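Dropping final08.cif in here (mmCIF, C-alpha atoms):
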```
data_start
#
loop_
_atom_site.group_PDB
_atom_site.id
_atom_site.type_symbol
_atom_site.label_atom_id
_atom_site.label_comp_id
_atom_site.auth_asym_id
_atom_site.auth_seq_id
_atom_site.Cartn_x
_atom_site.Cartn_y
_atom_site.Cartn_z
ATOM 1 C CA MET A 52 26.537 -3.671 -12.751
ATOM 2 C CA GLN A 53 22.958 -2.636 -12.083
ATOM 3 C CA LYS A 54 20.250 -5.276 -12.512
ATOM 4 C CA GLN A 55 17.580 -4.669 -15.114
ATOM 5 C CA MET A 56 14.201 -3.887 -13.570
ATOM 6 C CA THR A 57 11.597 -6.481 -14.418
ATOM 7 C CA ALA A 58 7.968 -5.655 -15.228
ATOM 8 C CA LYS A 59 6.953 -7.328 -11.954
ATOM 9 C CA ARG A 60 9.324 -5.158 -9.913
ATOM 10 C CA ALA A 61 8.208 -2.048 -11.816
ATOM 11 C CA LEU A 62 4.576 -2.868 -10.966
ATOM 12 C CA ASP A 63 5.510 -3.451 -7.314
ATOM 13 C CA LEU A 64 7.368 -0.173 -7.110
ATOM 14 C CA ALA A 65 4.761 1.937 -8.944
ATOM 15 C CA LEU A 66 1.563 0.470 -7.483
ATOM 16 C CA GLY A 67 3.132 -0.110 -4.062
ATOM 17 C CA SER A 68 4.225 3.546 -3.860
ATOM 18 C CA VAL A 69 0.792 4.824 -4.926
ATOM 19 C CA LEU A 70 -0.995 2.564 -2.433
ATOM 20 C CA LEU A 71 1.404 3.598 0.335
ATOM 21 C CA VAL A 72 0.754 7.293 -0.307
ATOM 22 C CA LEU A 73 -3.024 6.752 -0.454
ATOM 23 C CA THR A 74 -3.169 4.651 2.713
ATOM 24 C CA ALA A 75 -0.589 6.556 4.779
ATOM 25 C CA PRO A 76 -3.213 8.722 6.590
ATOM 26 C CA LEU A 77 -5.273 5.627 7.448
ATOM 27 C CA LEU A 78 -2.177 3.746 8.630
ATOM 28 C CA ALA A 79 -1.087 6.726 10.739
ATOM 29 C CA ALA A 80 -4.549 6.958 12.323
ATOM 30 C CA GLY A 81 -4.485 3.220 13.059
ATOM 31 C CA ALA A 82 -1.028 3.494 14.628
ATOM 32 C CA VAL A 83 -2.133 6.441 16.795
ATOM 33 C CA ALA A 84 -5.269 4.562 17.916
ATOM 34 C CA LEU A 85 -3.178 1.516 18.809
ATOM 35 C CA ALA A 86 -0.586 3.627 20.610
ATOM 36 C CA ALA A 87 -3.352 5.176 22.728
ATOM 37 C CA ARG A 88 -4.263 1.674 23.942
ATOM 38 C CA ARG A 89 -0.585 0.968 24.714
ATOM 39 C CA PRO A 90 -0.446 -2.643 23.561
ATOM 40 C CA PRO A 91 2.385 -4.740 24.998
ATOM 41 C CA GLY A 92 5.199 -4.821 22.470
ATOM 42 C CA GLY A 93 4.193 -1.589 20.734
ATOM 43 C CA VAL A 94 2.026 -0.926 17.696
ATOM 44 C CA LEU A 95 4.058 -3.112 15.315
ATOM 45 C CA THR A 96 4.794 -6.816 15.330
ATOM 46 C CA ARG A 97 8.279 -7.755 14.218
ATOM 47 C CA SER A 98 9.130 -11.171 12.843
ATOM 48 C CA VAL A 99 11.992 -12.550 10.779
ATOM 49 C CA ARG A 100 10.930 -13.858 7.361
ATOM 50 C CA ILE A 101 12.798 -15.380 4.443
ATOM 51 C CA GLY A 102 12.908 -13.279 1.281
ATOM 52 C CA LEU A 103 14.383 -13.496 -2.201
ATOM 53 C CA ALA A 104 17.422 -15.808 -2.480
ATOM 54 C CA GLY A 105 16.852 -16.992 1.096
ATOM 55 C CA ARG A 106 17.843 -13.654 2.653
ATOM 56 C CA PRO A 107 16.144 -12.973 5.998
ATOM 57 C CA PHE A 108 14.444 -9.647 6.715
ATOM 58 C CA VAL A 109 12.408 -8.253 9.610
ATOM 59 C CA LEU A 110 8.735 -7.990 8.665
ATOM 60 C CA ARG A 111 6.941 -5.163 10.486
ATOM 61 C CA THR A 112 3.154 -5.258 10.623
ATOM 62 C CA LEU A 113 0.590 -3.035 12.356
ATOM 63 C CA ARG A 114 -1.120 -4.969 15.186
ATOM 64 C CA THR A 115 -4.662 -4.789 13.809
ATOM 65 C CA ARG A 116 -6.918 -6.787 11.411
ATOM 66 C CA ARG A 117 -9.420 -3.971 10.893
ATOM 67 C CA MET A 118 -9.906 -2.788 7.327
ATOM 68 C CA ARG A 119 -6.865 -4.869 6.301
ATOM 69 C CA LEU A 120 -4.521 -2.344 7.930
ATOM 70 C CA ASP A 121 -2.153 -5.138 8.926
ATOM 71 C CA LEU A 122 -1.676 -6.057 5.286
ATOM 72 C CA LEU A 123 -1.451 -2.451 4.092
ATOM 73 C CA SER A 124 1.144 -1.672 6.762
ATOM 74 C CA ARG A 125 3.514 -4.010 4.900
ATOM 75 C CA LEU A 126 3.594 -1.738 1.831
ATOM 76 C CA PRO A 127 6.966 -0.162 2.810
ATOM 77 C CA HIS A 128 8.471 -3.655 2.421
ATOM 78 C CA VAL A 129 7.102 -3.761 -1.138
ATOM 79 C CA VAL A 130 8.631 -0.391 -2.016
ATOM 80 C CA ARG A 131 11.990 -1.446 -0.495
ATOM 81 C CA GLY A 132 11.931 -4.702 -2.491
ATOM 82 C CA GLU A 133 11.709 -7.144 0.430
ATOM 83 C CA LEU A 134 8.172 -8.154 -0.571
ATOM 84 C CA SER A 135 6.239 -8.185 -3.816
ATOM 85 C CA LEU A 136 2.585 -7.273 -4.172
ATOM 86 C CA VAL A 137 1.915 -10.846 -5.326
ATOM 87 C CA GLY A 138 3.888 -13.901 -4.338
ATOM 88 C CA PRO A 139 4.028 -16.856 -1.982
ATOM 89 C CA GLU A 140 3.483 -16.344 1.729
ATOM 90 C CA PRO A 141 6.504 -14.870 3.578
ATOM 91 C CA LEU A 142 7.699 -17.723 5.810
ATOM 92 C CA PRO A 143 9.728 -17.680 9.037
ATOM 93 C CA PRO A 144 13.206 -19.270 8.840
ATOM 94 C CA ASP A 145 12.197 -22.259 10.967
ATOM 95 C CA ASP A 146 9.286 -23.203 8.673
ATOM 96 C CA GLU A 147 10.205 -26.357 6.773
ATOM 97 C CA ARG A 148 8.570 -24.936 3.617
ATOM 98 C CA ALA A 149 11.166 -22.137 3.574
ATOM 99 C CA GLY A 150 13.893 -24.627 2.588
ATOM 100 C CA ALA A 151 17.531 -23.690 2.410
ATOM 101 C CA ALA A 152 19.228 -21.503 -0.171
ATOM 102 C CA ASP A 153 21.762 -24.218 -1.001
ATOM 103 C CA GLY A 154 19.112 -26.927 -1.449
ATOM 104 C CA ALA A 155 20.209 -28.871 1.661
ATOM 105 C CA GLY A 156 17.805 -30.256 4.186
ATOM 106 C CA ASP A 157 14.578 -32.213 4.074
ATOM 107 C CA GLY A 158 12.182 -31.028 1.419
ATOM 108 C CA ALA A 159 14.416 -28.147 0.376
ATOM 109 C CA GLY A 160 14.821 -29.491 -3.171
ATOM 110 C CA ALA A 161 11.077 -29.372 -3.677
ATOM 111 C CA GLN A 162 10.939 -25.834 -2.259
ATOM 112 C CA HIS A 163 13.814 -24.288 -4.283
ATOM 113 C CA TRP A 164 11.271 -22.131 -6.138
ATOM 114 C CA ARG A 165 10.702 -20.175 -2.901
ATOM 115 C CA GLN A 166 14.279 -18.906 -3.152
ATOM 116 C CA GLU A 167 13.653 -17.529 -6.653
ATOM 117 C CA LEU A 168 10.654 -15.330 -5.790
ATOM 118 C CA ARG A 169 9.990 -12.475 -3.440
ATOM 119 C CA PRO A 170 7.271 -13.352 -0.964
ATOM 120 C CA GLY A 171 4.094 -11.337 -1.443
ATOM 121 C CA LEU A 172 1.438 -9.318 0.356
ATOM 122 C CA THR A 173 -1.118 -11.559 -1.294
ATOM 123 C CA GLY A 174 -0.983 -14.534 -3.566
ATOM 124 C CA LEU A 175 -2.907 -17.242 -5.314
ATOM 125 C CA ALA A 176 -3.275 -19.233 -2.079
ATOM 126 C CA GLN A 177 -4.612 -16.198 -0.186
ATOM 127 C CA VAL A 178 -7.291 -15.283 -2.722
ATOM 128 C CA ARG A 179 -8.389 -18.913 -2.960
ATOM 129 C CA SER A 180 -8.370 -19.505 0.823
ATOM 130 C CA ARG A 181 -12.090 -18.917 1.191
ATOM 131 C CA SER A 182 -12.966 -21.750 -1.171
ATOM 132 C CA GLY A 183 -12.931 -24.445 1.552
ATOM 133 C CA MET A 184 -9.894 -26.294 0.238
ATOM 134 C CA PRO A 185 -7.913 -28.817 2.330
ATOM 135 C CA TRP A 186 -5.149 -27.540 4.595
ATOM 136 C CA ASP A 187 -2.277 -28.642 2.341
ATOM 137 C CA GLU A 188 -3.662 -26.995 -0.783
ATOM 138 C CA PRO A 189 -2.165 -23.483 -0.191
ATOM 139 C CA ALA A 190 1.385 -24.833 -0.587
ATOM 140 C CA LEU A 191 0.404 -26.374 -3.929
ATOM 141 C CA LEU A 192 -1.155 -23.092 -5.065
ATOM 142 C CA ASP A 193 2.007 -21.185 -4.089
ATOM 143 C CA GLN A 194 4.088 -23.668 -6.081
ATOM 144 C CA HIS A 195 1.723 -23.413 -9.053
ATOM 145 C CA TYR A 196 2.092 -19.623 -8.928
ATOM 146 C CA ALA A 197 5.890 -19.927 -8.815
ATOM 147 C CA GLU A 198 5.917 -22.175 -11.870
ATOM 148 C CA HIS A 199 3.437 -20.152 -13.939
ATOM 149 C CA HIS A 200 3.686 -16.544 -12.744
ATOM 150 C CA TRP A 201 3.519 -13.681 -15.199
ATOM 151 C CA LEU A 202 2.290 -10.095 -15.020
ATOM 152 C CA GLY A 203 -1.240 -10.969 -16.191
ATOM 153 C CA LEU A 204 -1.626 -13.511 -13.384
ATOM 154 C CA ASP A 205 -0.359 -10.927 -10.874
ATOM 155 C CA LEU A 206 -2.958 -8.414 -12.066
ATOM 156 C CA THR A 207 -5.715 -11.050 -11.836
ATOM 157 C CA ILE A 208 -4.689 -11.955 -8.276
ATOM 158 C CA LEU A 209 -4.527 -8.270 -7.271
ATOM 159 C CA ALA A 210 -8.002 -7.695 -8.706
ATOM 160 C CA ALA A 211 -9.353 -10.703 -6.793
ATOM 161 C CA ALA A 212 -7.615 -9.582 -3.587
ATOM 162 C CA ALA A 213 -9.238 -6.143 -3.866
ATOM 163 C CA HIS A 214 -12.610 -7.574 -4.924
ATOM 164 C CA ILE A 215 -13.060 -9.913 -1.939
ATOM 165 C CA PRO A 216 -13.052 -7.254 0.834
ATOM 166 C CA LEU A 217 -14.950 -4.777 -1.351
ATOM 167 C CA ARG A 218 -17.665 -7.321 -2.076
ATOM 168 C CA ALA A 219 -17.956 -8.141 1.641
ATOM 169 C CA ALA A 220 -18.217 -4.432 2.530
ATOM 170 C CA VAL A 221 -20.893 -3.825 -0.105
ATOM 171 C CA ARG A 222 -22.811 -6.870 1.097
ATOM 172 C CA ARG A 223 -22.737 -5.559 4.680
ATOM 173 C CA LEU A 224 -23.953 -2.134 3.553
ATOM 174 C CA THR A 225 -26.737 -3.418 1.306
ATOM 175 C CA HIS A 226 -28.063 -5.950 3.809
ATOM 176 C CA ARG A 227 -28.032 -3.633 6.805
ATOM 177 C CA GLY A 228 -31.612 -3.012 7.918
ATOM 178 C CA LYS A 229 -33.019 -4.745 4.866
ATOM 179 C CA ALA A 230 -36.258 -6.620 5.477
ATOM 180 C CA HIS A 231 -36.419 -10.181 4.257
ATOM 181 C CA LEU A 232 -39.830 -10.990 2.809
ATOM 182 C CA SER A 233 -41.264 -14.445 2.923
ATOM 183 C CA ASP A 234 -43.437 -15.900 0.149
ATOM 184 C CA THR A 235 -46.629 -14.985 2.034
ATOM 185 C CA ASP A 236 -45.839 -11.316 2.703
ATOM 186 C CA HIS A 237 -47.054 -10.147 -0.703
ATOM 187 C CA ARG A 238 -50.427 -11.937 -0.609
ATOM 188 C CA LEU A 239 -53.675 -10.063 -0.206
ATOM 189 C CA ARG A 240 -55.402 -10.068 3.150
ATOM 190 C CA GLY A 241 -57.771 -13.004 3.503
ATOM 191 C CA TYR A 242 -55.972 -15.118 0.892
ATOM 192 C CA SER A 243 -55.674 -18.783 1.767
ATOM 193 C CA ALA A 244 -53.345 -21.275 0.075
ATOM 194 C CA ALA A 245 -56.034 -23.930 0.446
ATOM 195 C CA GLU A 246 -58.379 -22.167 -1.958
#
```

Can I see the file as structure tokens?
Amino acid sequence: MQKQMTAKRALDLALGSVLLVLTAPLLAAGAVALAARRPPGGVLTRSVRIGLAGRPFVLRTLRTRRMRLDLLSRLPHVVRGELSLVGPEPLPPDDERAGAADGAGDGAGAQHWRQELRPGLTGLAQVRSRSGMPWDEPALLDQHYAEHHWLGLDLTILAAAAHIPLRAAVRRLTHRGKAHLSDTDHRLRGYSAAE
């Protein structure tokens, strides 16, 4: 019996496919540039992560942080269904937050929600990471997302995830070469504050 596609999975498949097609030339150029440098281990990192229902999968990521290519290189995992566009961080099997599928082990009962969701490219914890919160707060944000997720929240998180790098890029472009005037730069010659 075939499972019914949820709205979340439909969004992942549709938007993930469009983003993959749009970014494929950029990802290919990044891979070629990395291959020319011949990094040890190749152009992709490979690491085992825990996915939906506790199933492990090999996460492949381009070895670069420029222009978020590392994140975009994970889009094939979204299309295949190993990742979601939005969800908790994909954890390695030895991370205690990953828990166990059967609920055994220390802390696994509190982390059972991780087994019920696909990990994501981005999530509530990632878009809030620049707010200066304490180190343990991301786990609480991931749990909050798991307990309250819905398509509207996913769209809000995706908009915030796209807005943050765009805002930083615009800020860099608008402040490049821009003169910063002090309070005295606009005063007429010969003007004295003492007068």

Output check: residues returned by the PyMOL selection byres ((chain A and resi 120-124) around 10), as a ChimeraX atom specification: /A:67,70-71,74-75,77-79,81-82,95-96,111-119,125-128,172-173

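When all atoms listed in the file are used to compute distances to Asp205 in chain A, the closest of the residues A:Gly132, A:Gly105, A:Pro170, A:Gly138 turns out to be A:Gly138.
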
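This file, queried with the PyMOL selection byres ((chain A and resi 104) around 6), gives the residues Leu103, Gly105, Arg106, Gln166 and Glu167 of chain A.
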
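The smallest atom-to-atom distance between Gln194 in chain A and any of A:Ala87, A:Leu206, A:Ala211, A:Leu168, using all atoms listed in the file, is found for A:Leu168.
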
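Each of A:Pro144, A:Thr225, A:Trp164, A:Ala86 was compared to Val99 in chain A using all atoms listed in the file, and A:Pro144 turns out to be the nearest.
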
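If you measure from each of A:Leu62, A:Leu73, A:Ala213, A:Ala176 to Tyr196 in chain A using all atoms listed in the file, the closest one turns out to be A:Ala176.
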
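Taking CA of Val178 in chain A as the reference point, CA of Leu209 in chain A is found at 8.8 Å.
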
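Using all atoms listed in the file, the shortest contact distance between Leu134 in chain A and any of A:Arg218, A:Arg60, A:His226, A:His195 is found at A:Arg60.
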
Generate the missing atoms of range 123-139 of chain A up to N, CA, C and O atoms and report them as a PDB file, in the frame of the given file.
```pdb
ATOM      1  N   LEU A 123      -1.892  -3.711   4.702  1.00  0.00           N
ATOM      2  CA  LEU A 123      -1.451  -2.451   4.092  1.00  0.00           C
ATOM      3  C   LEU A 123      -0.210  -1.880   4.768  1.00  0.00           C
ATOM      4  O   LEU A 123       0.591  -1.195   4.133  1.00  0.00           O
ATOM      5  N   SER A 124      -0.030  -2.182   6.058  1.00  0.00           N
ATOM      6  CA  SER A 124       1.144  -1.672   6.762  1.00  0.00           C
ATOM      7  C   SER A 124       2.439  -2.322   6.280  1.00  0.00           C
ATOM      8  O   SER A 124       3.526  -1.865   6.617  1.00  0.00           O
ATOM      9  N   ARG A 125       2.327  -3.356   5.466  1.00  0.00           N
ATOM     10  CA  ARG A 125       3.514  -4.010   4.900  1.00  0.00           C
ATOM     11  C   ARG A 125       3.960  -3.381   3.577  1.00  0.00           C
ATOM     12  O   ARG A 125       4.950  -3.817   2.987  1.00  0.00           O
ATOM     13  N   LEU A 126       3.244  -2.375   3.107  1.00  0.00           N
ATOM     14  CA  LEU A 126       3.594  -1.738   1.831  1.00  0.00           C
ATOM     15  C   LEU A 126       5.016  -1.168   1.787  1.00  0.00           C
ATOM     16  O   LEU A 126       5.657  -1.228   0.730  1.00  0.00           O
ATOM     17  N   PRO A 127       5.567  -0.617   2.892  1.00  0.00           N
ATOM     18  CA  PRO A 127       6.966  -0.162   2.810  1.00  0.00           C
ATOM     19  C   PRO A 127       7.933  -1.284   2.427  1.00  0.00           C
ATOM     20  O   PRO A 127       8.933  -1.045   1.746  1.00  0.00           O
ATOM     21  N   HIS A 128       7.627  -2.515   2.810  1.00  0.00           N
ATOM     22  CA  HIS A 128       8.471  -3.655   2.421  1.00  0.00           C
ATOM     23  C   HIS A 128       8.405  -3.900   0.917  1.00  0.00           C
ATOM     24  O   HIS A 128       9.382  -4.339   0.322  1.00  0.00           O
ATOM     25  N   VAL A 129       7.248  -3.619   0.318  1.00  0.00           N
ATOM     26  CA  VAL A 129       7.102  -3.761  -1.138  1.00  0.00           C
ATOM     27  C   VAL A 129       7.953  -2.715  -1.844  1.00  0.00           C
ATOM     28  O   VAL A 129       8.695  -3.022  -2.786  1.00  0.00           O
ATOM     29  N   VAL A 130       7.872  -1.476  -1.389  1.00  0.00           N
ATOM     30  CA  VAL A 130       8.631  -0.391  -2.016  1.00  0.00           C
ATOM     31  C   VAL A 130      10.136  -0.634  -1.871  1.00  0.00           C
ATOM     32  O   VAL A 130      10.906  -0.392  -2.802  1.00  0.00           O
ATOM     33  N   ARG A 131      10.567  -1.156  -0.715  1.00  0.00           N
ATOM     34  CA  ARG A 131      11.990  -1.446  -0.495  1.00  0.00           C
ATOM     35  C   ARG A 131      12.470  -2.672  -1.267  1.00  0.00           C
ATOM     36  O   ARG A 131      13.675  -2.886  -1.405  1.00  0.00           O
ATOM     37  N   GLY A 132      11.538  -3.524  -1.724  1.00  0.00           N
ATOM     38  CA  GLY A 132      11.931  -4.702  -2.491  1.00  0.00           C
ATOM     39  C   GLY A 132      12.059  -5.966  -1.663  1.00  0.00           C
ATOM     40  O   GLY A 132      12.513  -6.993  -2.171  1.00  0.00           O
ATOM     41  N   GLU A 133      11.663  -5.937  -0.395  1.00  0.00           N
ATOM     42  CA  GLU A 133      11.709  -7.144   0.430  1.00  0.00           C
ATOM     43  C   GLU A 133      10.504  -8.048   0.159  1.00  0.00           C
ATOM     44  O   GLU A 133      10.590  -9.260   0.313  1.00  0.00           O
ATOM     45  N   LEU A 134       9.390  -7.433  -0.209  1.00  0.00           N
ATOM     46  CA  LEU A 134       8.172  -8.154  -0.571  1.00  0.00           C
ATOM     47  C   LEU A 134       7.752  -7.737  -1.969  1.00  0.00           C
ATOM     48  O   LEU A 134       8.163  -6.688  -2.459  1.00  0.00           O
ATOM     49  N   SER A 135       6.894  -8.527  -2.564  1.00  0.00           N
ATOM     50  CA  SER A 135       6.239  -8.185  -3.816  1.00  0.00           C
ATOM     51  C   SER A 135       4.759  -7.997  -3.508  1.00  0.00           C
ATOM     52  O   SER A 135       4.286  -8.427  -2.460  1.00  0.00           O
ATOM     53  N   LEU A 136       4.025  -7.357  -4.381  1.00  0.00           N
ATOM     54  CA  LEU A 136       2.585  -7.273  -4.172  1.00  0.00           C
ATOM     55  C   LEU A 136       1.955  -8.655  -4.235  1.00  0.00           C
ATOM     56  O   LEU A 136       1.066  -8.991  -3.459  1.00  0.00           O
ATOM     57  N   VAL A 137       2.436  -9.489  -5.154  1.00  0.00           N
ATOM     58  CA  VAL A 137       1.915 -10.846  -5.326  1.00  0.00           C
ATOM     59  C   VAL A 137       3.069 -11.833  -5.257  1.00  0.00           C
ATOM     60  O   VAL A 137       4.096 -11.639  -5.901  1.00  0.00           O
ATOM     61  N   GLY A 138       2.868 -12.868  -4.464  1.00  0.00           N
ATOM     62  CA  GLY A 138       3.888 -13.901  -4.338  1.00  0.00           C
ATOM     63  C   GLY A 138       3.487 -14.894  -3.275  1.00  0.00           C
ATOM     64  O   GLY A 138       2.432 -14.773  -2.655  1.00  0.00           O
ATOM     65  N   PRO A 139       4.336 -15.889  -3.027  1.00  0.00           N
ATOM     66  CA  PRO A 139       4.028 -16.856  -1.982  1.00  0.00           C
ATOM     67  C   PRO A 139       4.102 -16.201  -0.603  1.00  0.00           C
ATOM     68  O   PRO A 139       4.693 -15.138  -0.441  1.00  0.00           O
TER      69      PRO A 139
END
```
